$ cat start07.pdb   # PDB, C-alpha atoms (C1' of nucleotides)
ATOM      1  CA  MET A 235      87.315  17.297  64.993
ATOM      2  CA  ALA A 236      84.327  19.325  66.062
ATOM      3  CA  TYR A 237      81.007  19.992  64.376
ATOM      4  CA  TRP A 238      79.055  23.236  64.137
ATOM      5  CA  LEU A 239      75.989  24.836  62.633
ATOM      6  CA  PHE A 240      75.925  28.212  60.873
ATOM      7  CA  LYS A 241      72.581  29.939  60.542
ATOM      8  CA  SER A 242      71.845  32.483  57.854
ATOM      9  CA  GLU A 243      68.919  34.227  56.265
ATOM     10  CA  PRO A 244      69.033  33.239  52.600
ATOM     11  CA  SER A 245      68.084  36.787  51.594
ATOM     12  CA  THR A 246      71.263  38.045  53.260
ATOM     13  CA  TRP A 247      73.709  35.224  52.606
ATOM     14  CA  SER A 248      72.537  31.981  51.052
ATOM     15  CA  TRP A 249      74.051  28.591  50.393
ATOM     16  CA  ASP A 250      74.301  29.546  46.715
ATOM     17  CA  ASP A 251      76.293  32.639  47.665
ATOM     18  CA  GLN A 252      78.569  30.435  49.747
ATOM     19  CA  VAL A 253      79.056  27.938  46.911
ATOM     20  CA  ALA A 254      79.878  30.799  44.540
ATOM     21  CA  LYS A 255      82.885  31.638  46.742
ATOM     22  CA  GLY A 256      84.340  28.220  46.007
ATOM     23  CA  ALA A 257      87.381  26.852  47.780
ATOM     24  CA  VAL A 258      88.535  30.302  48.855
ATOM     25  CA  GLY A 259      85.590  30.579  51.218
ATOM     26  CA  GLU A 260      84.220  33.672  52.871
ATOM     27  CA  GLU A 261      84.246  35.370  56.247
ATOM     28  CA  TRP A 262      81.321  34.478  58.454
ATOM     29  CA  ASP A 263      81.108  38.104  59.474
ATOM     30  CA  GLY A 264      78.458  40.222  61.097
ATOM     31  CA  VAL A 265      78.075  38.113  64.223
ATOM     32  CA  ARG A 266      77.383  40.378  67.200
ATOM     33  CA  ASN A 267      76.631  37.800  69.832
ATOM     34  CA  TYR A 268      79.112  36.612  72.426
ATOM     35  CA  GLN A 269      78.033  32.990  72.488
ATOM     36  CA  ALA A 270      78.258  32.744  68.727
ATOM     37  CA  ARG A 271      81.646  34.456  68.754
ATOM     38  CA  ASN A 272      82.950  32.187  71.487
ATOM     39  CA  ASN A 273      81.918  29.190  69.425
ATOM     40  CA  MET A 274      83.854  30.533  66.467
ATOM     41  CA  ARG A 275      86.941  31.030  68.620
ATOM     42  CA  LEU A 276      86.796  27.337  69.446
ATOM     43  CA  MET A 277      86.837  26.269  65.820
ATOM     44  CA  ALA A 278      89.847  24.573  64.283
ATOM     45  CA  LEU A 279      90.941  24.284  60.675
ATOM     46  CA  GLY A 280      89.081  21.450  59.016
ATOM     47  CA  ASP A 281      86.144  21.485  61.435
ATOM     48  CA  LEU A 282      82.895  20.810  59.623
ATOM     49  CA  GLY A 283      79.593  22.608  59.930
ATOM     50  CA  PHE A 284      76.048  22.587  58.676
ATOM     51  CA  PHE A 285      74.754  25.537  56.677
ATOM     52  CA  TYR A 286      71.219  26.354  57.840
ATOM     53  CA  HIS A 287      68.686  28.588  56.125
ATOM     54  CA  SER A 288      66.470  30.417  58.623
ATOM     55  CA  GLN A 289      63.183  32.210  58.037
ATOM     56  CA  LYS A 290      61.132  30.789  55.191
ATOM     57  CA  GLU A 291      63.082  27.613  54.502
ATOM     58  CA  LYS A 292      64.177  26.521  57.994
ATOM     59  CA  ALA A 293      66.391  23.696  56.861
ATOM     60  CA  VAL A 294      69.959  22.457  56.859
ATOM     61  CA  VAL A 295      70.989  22.661  53.221
ATOM     62  CA  GLY A 296      74.727  22.065  53.035
ATOM     63  CA  ILE A 297      78.043  21.216  54.626
ATOM     64  CA  VAL A 298      80.866  23.696  55.097
ATOM     65  CA  GLU A 299      84.427  23.493  56.352
ATOM     66  CA  VAL A 300      86.362  25.980  58.481
ATOM     67  CA  CYS A 301      89.209  27.227  56.263
ATOM     68  CA  LYS A 302      90.494  30.028  58.486
ATOM     69  CA  THR A 303      90.374  30.227  62.273
ATOM     70  CA  ALA A 304      89.023  33.192  64.246
ATOM     71  CA  HIS A 305      90.323  36.604  63.259
ATOM     72  CA  PRO A 306      89.000  40.177  63.612
ATOM     73  CA  ASP A 307      85.712  40.784  61.796
ATOM     74  CA  SER A 308      86.522  43.059  58.856
ATOM     75  CA  THR A 309      83.052  44.583  58.901
ATOM     76  CA  THR A 310      83.637  46.398  62.185
ATOM     77  CA  ASP A 311      86.355  48.338  64.006
ATOM     78  CA  ASP A 312      85.149  46.957  67.301
ATOM     79  CA  PRO A 313      87.884  44.552  68.456
ATOM     80  CA  ARG A 314      85.398  42.437  70.379
ATOM     81  CA  TRP A 315      84.068  40.802  67.250
ATOM     82  CA  GLU A 316      85.839  38.006  65.464
ATOM     83  CA  CYS A 317      84.876  35.522  62.806
ATOM     84  CA  VAL A 318      86.131  32.486  60.942
ATOM     85  CA  ASP A 319      86.196  31.805  57.204
ATOM     86  CA  ILE A 320      84.236  28.891  55.834
ATOM     87  CA  ARG A 321      83.990  27.246  52.440
ATOM     88  CA  ALA A 322      81.227  25.125  50.933
ATOM     89  CA  VAL A 323      81.986  21.396  50.884
ATOM     90  CA  LYS A 324      78.847  19.908  49.415
ATOM     91  CA  PRO A 325      75.076  20.272  49.516
ATOM     92  CA  LEU A 326      72.832  17.770  51.252
ATOM     93  CA  ALA A 327      71.111  15.432  48.815
ATOM     94  CA  GLN A 328      67.938  16.340  50.688
ATOM     95  CA  ALA A 329      67.509  19.396  52.906
ATOM     96  CA  VAL A 330      66.815  18.487  56.522
ATOM     97  CA  THR A 331      64.077  20.698  57.895
ATOM     98  CA  LEU A 332      63.675  22.106  61.371
ATOM     99  CA  GLU A 333      60.435  20.160  61.539
ATOM    100  CA  GLN A 334      62.318  16.899  60.969
ATOM    101  CA  CYS A 335      64.838  17.795  63.662
ATOM    102  CA  LYS A 336      62.072  18.548  66.153
ATOM    103  CA  ALA A 337      60.340  15.301  65.318
ATOM    104  CA  ASP A 338      63.443  13.118  65.759
ATOM    105  CA  PRO A 339      63.997  12.015  69.370
ATOM    106  CA  ARG A 340      67.718  11.661  68.664
ATOM    107  CA  LEU A 341      67.853  15.411  68.025
ATOM    108  CA  SER A 342      65.802  16.557  71.003
ATOM    109  CA  GLU A 343      68.867  18.033  72.703
ATOM    110  CA  MET A 344      70.012  19.929  69.655
ATOM    111  CA  VAL A 345      70.739  23.619  70.145
ATOM    112  CA  LEU A 346      68.880  24.332  66.914
ATOM    113  CA  VAL A 347      65.735  22.909  68.487
ATOM    114  CA  ASN A 348      66.156  24.429  71.931
ATOM    115  CA  ASN A 349      67.772  27.798  71.296
ATOM    116  CA  THR A 350      66.430  29.004  68.008
ATOM    117  CA  ARG A 351      68.149  32.358  68.194
ATOM    118  CA  LEU A 352      71.791  31.349  68.475
ATOM    119  CA  SER A 353      73.364  31.831  65.047
ATOM    120  CA  VAL A 354      76.532  29.778  65.490
ATOM    121  CA  GLN A 355      76.062  26.553  67.402
ATOM    122  CA  PRO A 356      77.932  23.415  68.391
ATOM    123  CA  VAL A 357      76.639  20.105  67.007
ATOM    124  CA  SER A 358      77.399  16.788  68.686
ATOM    125  CA  GLN A 359      78.905  13.914  66.772
ATOM    126  CA  GLU A 360      75.686  11.945  67.135
ATOM    127  CA  GLU A 361      73.602  14.861  65.862
ATOM    128  CA  TRP A 362      76.008  15.247  62.956
ATOM    129  CA  ARG A 363      75.632  11.606  62.033
ATOM    130  CA  VAL A 364      71.835  11.669  62.268
ATOM    131  CA  ILE A 365      71.423  14.772  60.123
ATOM    132  CA  CYS A 366      73.882  13.546  57.499
ATOM    133  CA  ASP A 367      71.867  10.360  57.391
ATOM    134  CA  LEU A 368      68.588  12.239  56.979
ATOM    135  CA  GLY A 369      70.228  14.460  54.380
ATOM    136  CA  GLY A 370      71.496  11.545  52.344
ATOM    137  CA  VAL A 371      75.206  12.333  52.597
ATOM    138  CA  ASP A 372      78.279  10.601  53.999
ATOM    139  CA  ALA A 373      78.892  11.816  57.559
ATOM    140  CA  SER A 374      82.641  11.865  56.982
ATOM    141  CA  ALA A 375      82.056  14.501  54.278
TER     142      ALA A 375
ATOM    143  C1'  DG B 216      52.701  40.491  60.648
ATOM    144  C1'  DC B 217      52.772  38.964  65.303
ATOM    145  C1'  DC B 218      54.761  37.528  69.299
ATOM    146  C1'  DA B 219      57.851  34.912  72.365
ATOM    147  C1'  DA B 220      62.507  34.322  73.696
ATOM    148  C1'  DC B 221      66.607  36.103  74.489
ATOM    149  C1'  DG B 222      70.554  39.385  74.792
ATOM    150  C1'  DT B 223      72.139  43.939  75.675
ATOM    151  C1'  DT B 224      71.981  48.479  77.573
ATOM    152  C1'  DG B 225      71.718  51.869  80.931
ATOM    153  C1'  DG B 226      69.777  53.973  85.150
ATOM    154  C1'  DC B 227      69.878  53.490  89.847
TER     155       DC B 227
ATOM    156  C1'  DG C 114      75.537  44.696  90.710
ATOM    157  C1'  DC C 115      70.612  44.488  89.820
ATOM    158  C1'  DC C 116      66.848  44.906  87.012
ATOM    159  C1'  DA C 117      63.673  47.173  83.847
ATOM    160  C1'  DA C 118      63.410  48.672  79.206
ATOM    161  C1'  DC C 119      64.402  48.000  74.774
ATOM    162  C1'  DG C 120      65.926  45.837  70.318
ATOM    163  C1'  DT C 121      66.526  41.830  67.491
ATOM    164  C1'  DT C 122      65.853  37.247  65.902
ATOM    165  C1'  DG C 123      63.273  33.740  64.085
ATOM    166  C1'  DG C 124      59.350  30.507  64.259
ATOM    167  C1'  DC C 125      54.611  30.469  63.467
TER     168       DC C 125
END
$ encode --input "start07.pdb" --output "structure tokens"
Amino acid sequence: MAYWLFKSEPSTWSWDDQVAKGAVGEEWDGVRNYQARNNMRLMALGDLGFFYHSQKEKAVVGIVEVCKTAHPDSTTDDPRWECVDIRAVKPLAQAVTLEQCKADPRLSEMVLVNNTRLSVQPVSQEEWRVICDLGGVDASA
DNA sequence: GCCAACGTTGGC
DNA sequence: GCCAACGTTGGC
């Protein structure tokens, strides 16, 4: 079981949009970055991820699950780009802000803190546990 | 709205 | 294969 973080601008694709897709889930398409794509290729069915709102909110707001492994991105003909499908699992009781992550020494190595621009990131088990704790949810989802 | 960080592109 | 130029992202 691996953990991930998916970053999105709420104006483009928000947590509410994700929830509206229900158990069917939705393609995490539009990624045009090799590192992000490579991370998606590593994902397995049932892997869990955080849903992060960038820009104004800058906070982890929910938990998602990978419901389809990497496949060609339907929004482009370019075979280089692949994506996974994810579905909403549950929201955090309390959003965990970027500010909180930066302030917590246990999260000082987090990709979110150190590489703000990567849109699909790995999250360590420890980081997962800490953020679930801060967010007021069960880390086992 | 600005700017820093980073990734990609293309000329050499 | 290197590196400068450019475009994009995202925090502030």
$ atom_distance --input "start07.pdb" --atom1 "CA of Ser248 in chain A" --atom2 "CA of Phe285 in chain A"
8.8 Å
$ atom_distance --input "start07.pdb" --atom1 "CA of Ala304 in chain A" --atom2 "CA of Trp238 in chain A"
14.1 Å
$ atom_distance --input "start07.pdb" --atom1 "CA of Pro325 in chain A" --atom2 "C1' of DG124 in chain C"
23.9 Å
$ resolve_selection --input "start07.pdb" --expression "the PyMOL selection byres ((chain B) within 9 of (chain A))" --output "list of chain:residue names"
B:DA220, B:DC221, B:DG222
$ closest_residue --input "start07.pdb" --among "A:Thr310, A:Gln359, A:Gln269, A:Thr303" --to "Arg340 in chain A" --atoms "all atoms listed in the file"
A:Gln359
$ closest_residue --input "start07.pdb" --among "A:Pro313, A:Gly259, A:Gly264, A:Gly370" --to "Ser242 in chain A" --atoms "all atoms listed in the file"
A:Gly264
$ residues_around --input "start07.pdb" --residues "Val298 in chain A" --least-positions-apart "3" --cutoff "9 Å" --atoms "all atoms listed in the file" --output "short mmCIF file (atom, residue, chain, number, x, y, z; two decimals) with C-alpha atoms, in the coordinates of the input"
data_model
loop_
_atom_site.label_atom_id
_atom_site.label_comp_id
_atom_site.auth_asym_id
_atom_site.auth_seq_id
_atom_site.Cartn_x
_atom_site.Cartn_y
_atom_site.Cartn_z
CA PHE A 240 75.92 28.21 60.87
CA GLN A 252 78.57 30.44 49.75
CA ASP A 281 86.14 21.48 61.44
CA LEU A 282 82.90 20.81 59.62
CA GLY A 283 79.59 22.61 59.93
CA PHE A 284 76.05 22.59 58.68
CA PHE A 285 74.75 25.54 56.68
CA ILE A 320 84.24 28.89 55.83
CA ARG A 321 83.99 27.25 52.44
CA ALA A 322 81.23 25.12 50.93
CA VAL A 323 81.99 21.40 50.88
CA LYS A 324 78.85 19.91 49.42
CA PRO A 325 75.08 20.27 49.52
#
$ closest_residue --input "start07.pdb" --among "A:Val330, A:Leu239, A:Ala257, A:Val300" --to "Cys317 in chain A" --atoms "all atoms listed in the file"
A:Val300
$ build_atoms --input "start07.pdb" --residues "range 242-256 of chain A" --atoms "N, CA and C atoms" --output "PDB file, in the coordinates of the input"
ATOM      1  N   SER A 242      71.878  31.264  58.648  1.00  0.00           N
ATOM      2  CA  SER A 242      71.845  32.483  57.854  1.00  0.00           C
ATOM      3  C   SER A 242      70.490  32.681  57.193  1.00  0.00           C
ATOM      4  N   GLU A 243      70.109  33.933  57.065  1.00  0.00           N
ATOM      5  CA  GLU A 243      68.919  34.227  56.265  1.00  0.00           C
ATOM      6  C   GLU A 243      69.346  34.186  54.803  1.00  0.00           C
ATOM      7  N   PRO A 244      68.654  33.365  54.015  1.00  0.00           N
ATOM      8  CA  PRO A 244      69.033  33.239  52.600  1.00  0.00           C
ATOM      9  C   PRO A 244      69.016  34.567  51.852  1.00  0.00           C
ATOM     10  N   SER A 245      68.158  35.496  52.279  1.00  0.00           N
ATOM     11  CA  SER A 245      68.084  36.787  51.594  1.00  0.00           C
ATOM     12  C   SER A 245      69.333  37.622  51.843  1.00  0.00           C
ATOM     13  N   THR A 246      70.040  37.317  52.929  1.00  0.00           N
ATOM     14  CA  THR A 246      71.263  38.045  53.260  1.00  0.00           C
ATOM     15  C   THR A 246      72.504  37.323  52.753  1.00  0.00           C
ATOM     16  N   TRP A 247      72.567  36.039  53.022  1.00  0.00           N
ATOM     17  CA  TRP A 247      73.709  35.224  52.606  1.00  0.00           C
ATOM     18  C   TRP A 247      73.218  33.777  52.488  1.00  0.00           C
ATOM     19  N   SER A 248      73.125  33.304  51.268  1.00  0.00           N
ATOM     20  CA  SER A 248      72.537  31.981  51.052  1.00  0.00           C
ATOM     21  C   SER A 248      73.598  30.928  50.760  1.00  0.00           C
ATOM     22  N   TRP A 249      73.176  29.697  50.750  1.00  0.00           N
ATOM     23  CA  TRP A 249      74.051  28.591  50.393  1.00  0.00           C
ATOM     24  C   TRP A 249      74.639  28.809  48.991  1.00  0.00           C
ATOM     25  N   ASP A 250      73.812  29.284  48.067  1.00  0.00           N
ATOM     26  CA  ASP A 250      74.301  29.546  46.715  1.00  0.00           C
ATOM     27  C   ASP A 250      75.406  30.594  46.712  1.00  0.00           C
ATOM     28  N   ASP A 251      75.247  31.620  47.554  1.00  0.00           N
ATOM     29  CA  ASP A 251      76.293  32.639  47.665  1.00  0.00           C
ATOM     30  C   ASP A 251      77.575  32.001  48.164  1.00  0.00           C
ATOM     31  N   GLN A 252      77.420  31.114  49.158  1.00  0.00           N
ATOM     32  CA  GLN A 252      78.569  30.435  49.747  1.00  0.00           C
ATOM     33  C   GLN A 252      79.271  29.561  48.703  1.00  0.00           C
ATOM     34  N   VAL A 253      78.491  28.807  47.950  1.00  0.00           N
ATOM     35  CA  VAL A 253      79.056  27.938  46.911  1.00  0.00           C
ATOM     36  C   VAL A 253      79.810  28.769  45.873  1.00  0.00           C
ATOM     37  N   ALA A 254      79.258  29.943  45.556  1.00  0.00           N
ATOM     38  CA  ALA A 254      79.878  30.799  44.540  1.00  0.00           C
ATOM     39  C   ALA A 254      81.274  31.249  44.950  1.00  0.00           C
ATOM     40  N   LYS A 255      81.555  31.240  46.248  1.00  0.00           N
ATOM     41  CA  LYS A 255      82.885  31.638  46.742  1.00  0.00           C
ATOM     42  C   LYS A 255      83.917  30.533  46.572  1.00  0.00           C
ATOM     43  N   GLY A 256      83.440  29.336  46.300  1.00  0.00           N
ATOM     44  CA  GLY A 256      84.340  28.220  46.007  1.00  0.00           C
ATOM     45  C   GLY A 256      85.268  27.865  47.147  1.00  0.00           C
TER      46      GLY A 256
END
